[in-house]
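Q: First, the structure itself, so that you have it in front of you.
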Amino acid sequence: MRAHPMAGDTVLAVLLGLVDLLLFVADQFAELPELPPWYVAVPINIAMVAPLVFRRKSPLWSAYCVLVVSIVHATLMLGIGSAAGLAMSIYSVVVYAGRRQGMVFVGAVIVSSAVQLALEPPDDELFIAILFLAFGIALCWTLGEFVGARRAYDVEVEARLHLLETERDQATRIAVAEERGRIARELHDVVAHAVSVMVVQADGASYAIQSDPELAQRAVQTISETGRGALGELRRLLDVLRSDDADGEPRVPQPDAHALAELADRMRTSGVPVELETDDLGDLPAGVSLGIYRIVQESLTNTLKHAGRGATAAVRVHRTGDLVEVLVSDDGAGRVPQLAGSSQRLPGGNGLIGMRERAHVYGGTLDVGPAPGGGWQVRAALPVRLDK
């Protein structure tokens with residue numbers, strides 16, 4: 001009924017109409033003289049229950065239609081449709097139209113019932129009729145208040161969940177932007193290092209020229225000076241592009257895969273035994289080498305935070321052709337928070353975002369999850385040649 005409200009209300013209306021029709025047929029067999037003919041009773045019964053189909057879509061329109069038809073229905077004594085229809089209408093108006101509209105409709109019901117009782121007072125049953133009317137109105141109002149409050153609470157919870165999801169998405173986008181900015185700054189330093197190497201090579205080439213060494217030396221010296229100028233311009237350009245909070249950050253030499261041994265030593269000093277196994281990674285591109293270091297660094301940091309006391313970690317970096325595979329695993333029993341929208345429990349929050357963005361920058365992949373034998377593992381694959 002919640003998924004298809006009109007379908008559910010149609011079923012209720014049909015059942016209520018069938019009950020009234022069965023009562024009418026039973027009264028026909030009893031040959032009661034005050035009964036109207038069937039061609040009058042059947043349309044009135046249908047008109048009595050038909051507005052209930054729209055009690056949730058158009059609660060006020062439905063309720064007042066039920067009220068008007070119930071006057072005729074009750075006067076002709078055609079069954080329980082008038083009483084049941086008014087009860088459902090009071091409940092629907094309170095839930096779907098609000099307390100104020102509910103009070104107006106209840107007042108209309110009381111006035112209509114009072115007029116009917118005054119025109120046709122029941123024999124020795126006036127008090128019982130009034131008591132029944134008051135009890136029915138109170139019961140329907142109470143149910144309507146309860147369900148209306150519950151419905152408003154559900155709406156508020158859904159709105160808050162939507163707001164939390166929006167804030168989470170915004171925080172994720174901010175974290176991605178910050179990590180990309182950090183990666184861009186590191187890549188700048190890598191490029192600057194490459195330019196510095198070019199300058200050094202140009203300086204060395206100036207001494208290797210055999211023919212007309214003085215002229216060649218002056219030309220190569222010009223290349224060297226131009227390279228140094230380009231390096232300075234690149235640094236000034238980065239100062240413009242950096243955000244305000246990053247302007248004061250000092251430029252330091254960026255680490256690479258060769259610094260993994262030093263990283264492992266620092267982790268051992270912090271209390272996490274680390275087993276390091278690497279291939280010869282000497283000819284890796286500087287950006288890829290930096291990416292490997294950052295992924296291993298973040299993975300070991302998560303091990304230190306979440307794996308628990310006594311956990312050990314293993315780092316394996318192997319190169320197969322043009323692909324470098326990084327595997328960082330631990331045997332800890334720690335638990336990490338579940339990332340929203342994912343079926344896995346993922347470590348690190350923004351750290352995971354940073355690792356993933358870094359892998360994607362270099363055209364690689366990143367998989368994070370529980371290790372087959374227990375603990376946690378991070379597996380990354382980075383292509384060596386980015387131009388492919």
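Every chain in the structure tokens has a letter given in the order shown (A, B, ...), and although residue numbers restart at 1 in each chain, ligands are simply numbered from 1 in the order shown.
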Using only C-alpha atoms, determine which residues lie at most 6 Å from Val328 of chain A, disregarding the query and same-chain residues fewer than 3 positions distant; provide the list as a ChimeraX atom specification.
A: /A:314-315,377-378
Q: Which residues are near segment 149-158 of chain A? Cut-off 9 Å, only C-alpha atoms, ignore same chain within fewer than 5 positions. Put them as a list in words.
A: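 Neighbouring residues, sequence-local ones excluded: Val95, Gly144 and Leu163 of chain A.
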Q: Could you write those residues out with N, CA and C atoms, as a PDB file, in the first residue's frame?
A:
ATOM      1  N   VAL A  95      -3.637  12.942   8.851  1.00  0.00           N
ATOM      2  CA  VAL A  95      -2.314  12.467   8.453  1.00  0.00           C
ATOM      3  C   VAL A  95      -1.776  13.250   7.271  1.00  0.00           C
ATOM      4  N   GLY A 144      -4.582   9.154  13.661  1.00  0.00           N
ATOM      5  CA  GLY A 144      -4.054  10.088  12.670  1.00  0.00           C
ATOM      6  C   GLY A 144      -2.886  10.887  13.200  1.00  0.00           C
ATOM      7  N   LEU A 163      20.917  15.128   3.191  1.00  0.00           N
ATOM      8  CA  LEU A 163      21.890  16.186   3.473  1.00  0.00           C
ATOM      9  C   LEU A 163      23.250  15.602   3.808  1.00  0.00           C
TER      10      LEU A 163
END
Q: Can you list, as a list in words, every protein, DNA or RNA residue that comes within 10 Å of Asp9 of chain A when you count only C-alpha atoms, leaving out same-chain residues fewer than 5 positions away?
A: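 Counting only the stated atoms, we get Met1, His4, Val14, Leu15, Val49, Ala50, Pro51, Leu52, Val53, Phe54, Arg55 and Arg56 of chain A.
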Q: Tell me which protein, DNA and RNA residues are within 10 Å of Ala261 of chain A, counting only C-alpha atoms, leaving out same-chain ones fewer than 5 positions away, and put them as a list in words.
A: Arg266, Met267, Val274, Glu275, Leu276, Glu277 and Thr278 of chain A
Q: Restricting the calculation to only C-alpha atoms, which member of A:Gly364, A:Gly354, A:Pro370, A:Gly81 is positioned closest to Glu178 of chain A?
A: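 Of the candidates, the smallest distance to Glu178 of chain A is held by A:Gly354.
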Q: Counting only C-alpha atoms, what is within 7 Å of segment 101-118 of chain A, bar same-chain residues fewer than 5 positions away, as a list of chain:residue names?
A: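 Once the nearby chain positions are removed, what remains is A:Ile90, A:Val93, A:Val94.
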Q: Which of these, A:Asp331, A:Leu263, A:Ser62, A:Ala257, has the shortest distance to His318 of chain A once you count only C-alpha atoms?
A: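 Distance minimum relative to His318 of chain A lands on A:Ala257.
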Q: Let me make sure I understand: among A:Ala3, A:Ser58, A:Trp38, A:Glu120, which one has the smallest atom-to-atom distance to Ala74 of chain A if we use only C-alpha atoms?
A: A:Glu120
Q: Could you jot down the atom CA of Val326 of chain A to atom CA of Asp279 of chain A separation for me, Å, one decimal place?
A: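 Result for atom CA of Val326 of chain A versus atom CA of Asp279 of chain A: 10.8 Å, one decimal.
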Q: Of the candidates A:Thr301, A:Pro383, A:Asp27, A:Met88, which one gets nearest to Leu139 of chain A if we count only C-alpha atoms?
A: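 Going through A:Thr301, A:Pro383, A:Asp27, A:Met88 one by one, the smallest distance to Leu139 of chain A is for A:Met88.
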Q: Would you work out the distance separating atom CA of Leu67 of chain A from atom CA of Ala83 of chain A, expressed in Å to one decimal?
A: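 It comes out at 9.8 Å.
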Q: Would you pick out the contacts of Leu76 of chain A at 8 Å or less, using only C-alpha atoms, so that residues sharing its chain but fewer than 3 positions from it are not included, and give the list as an MDAnalysis selection string?
A: chainID A and resid 35:36 72:73
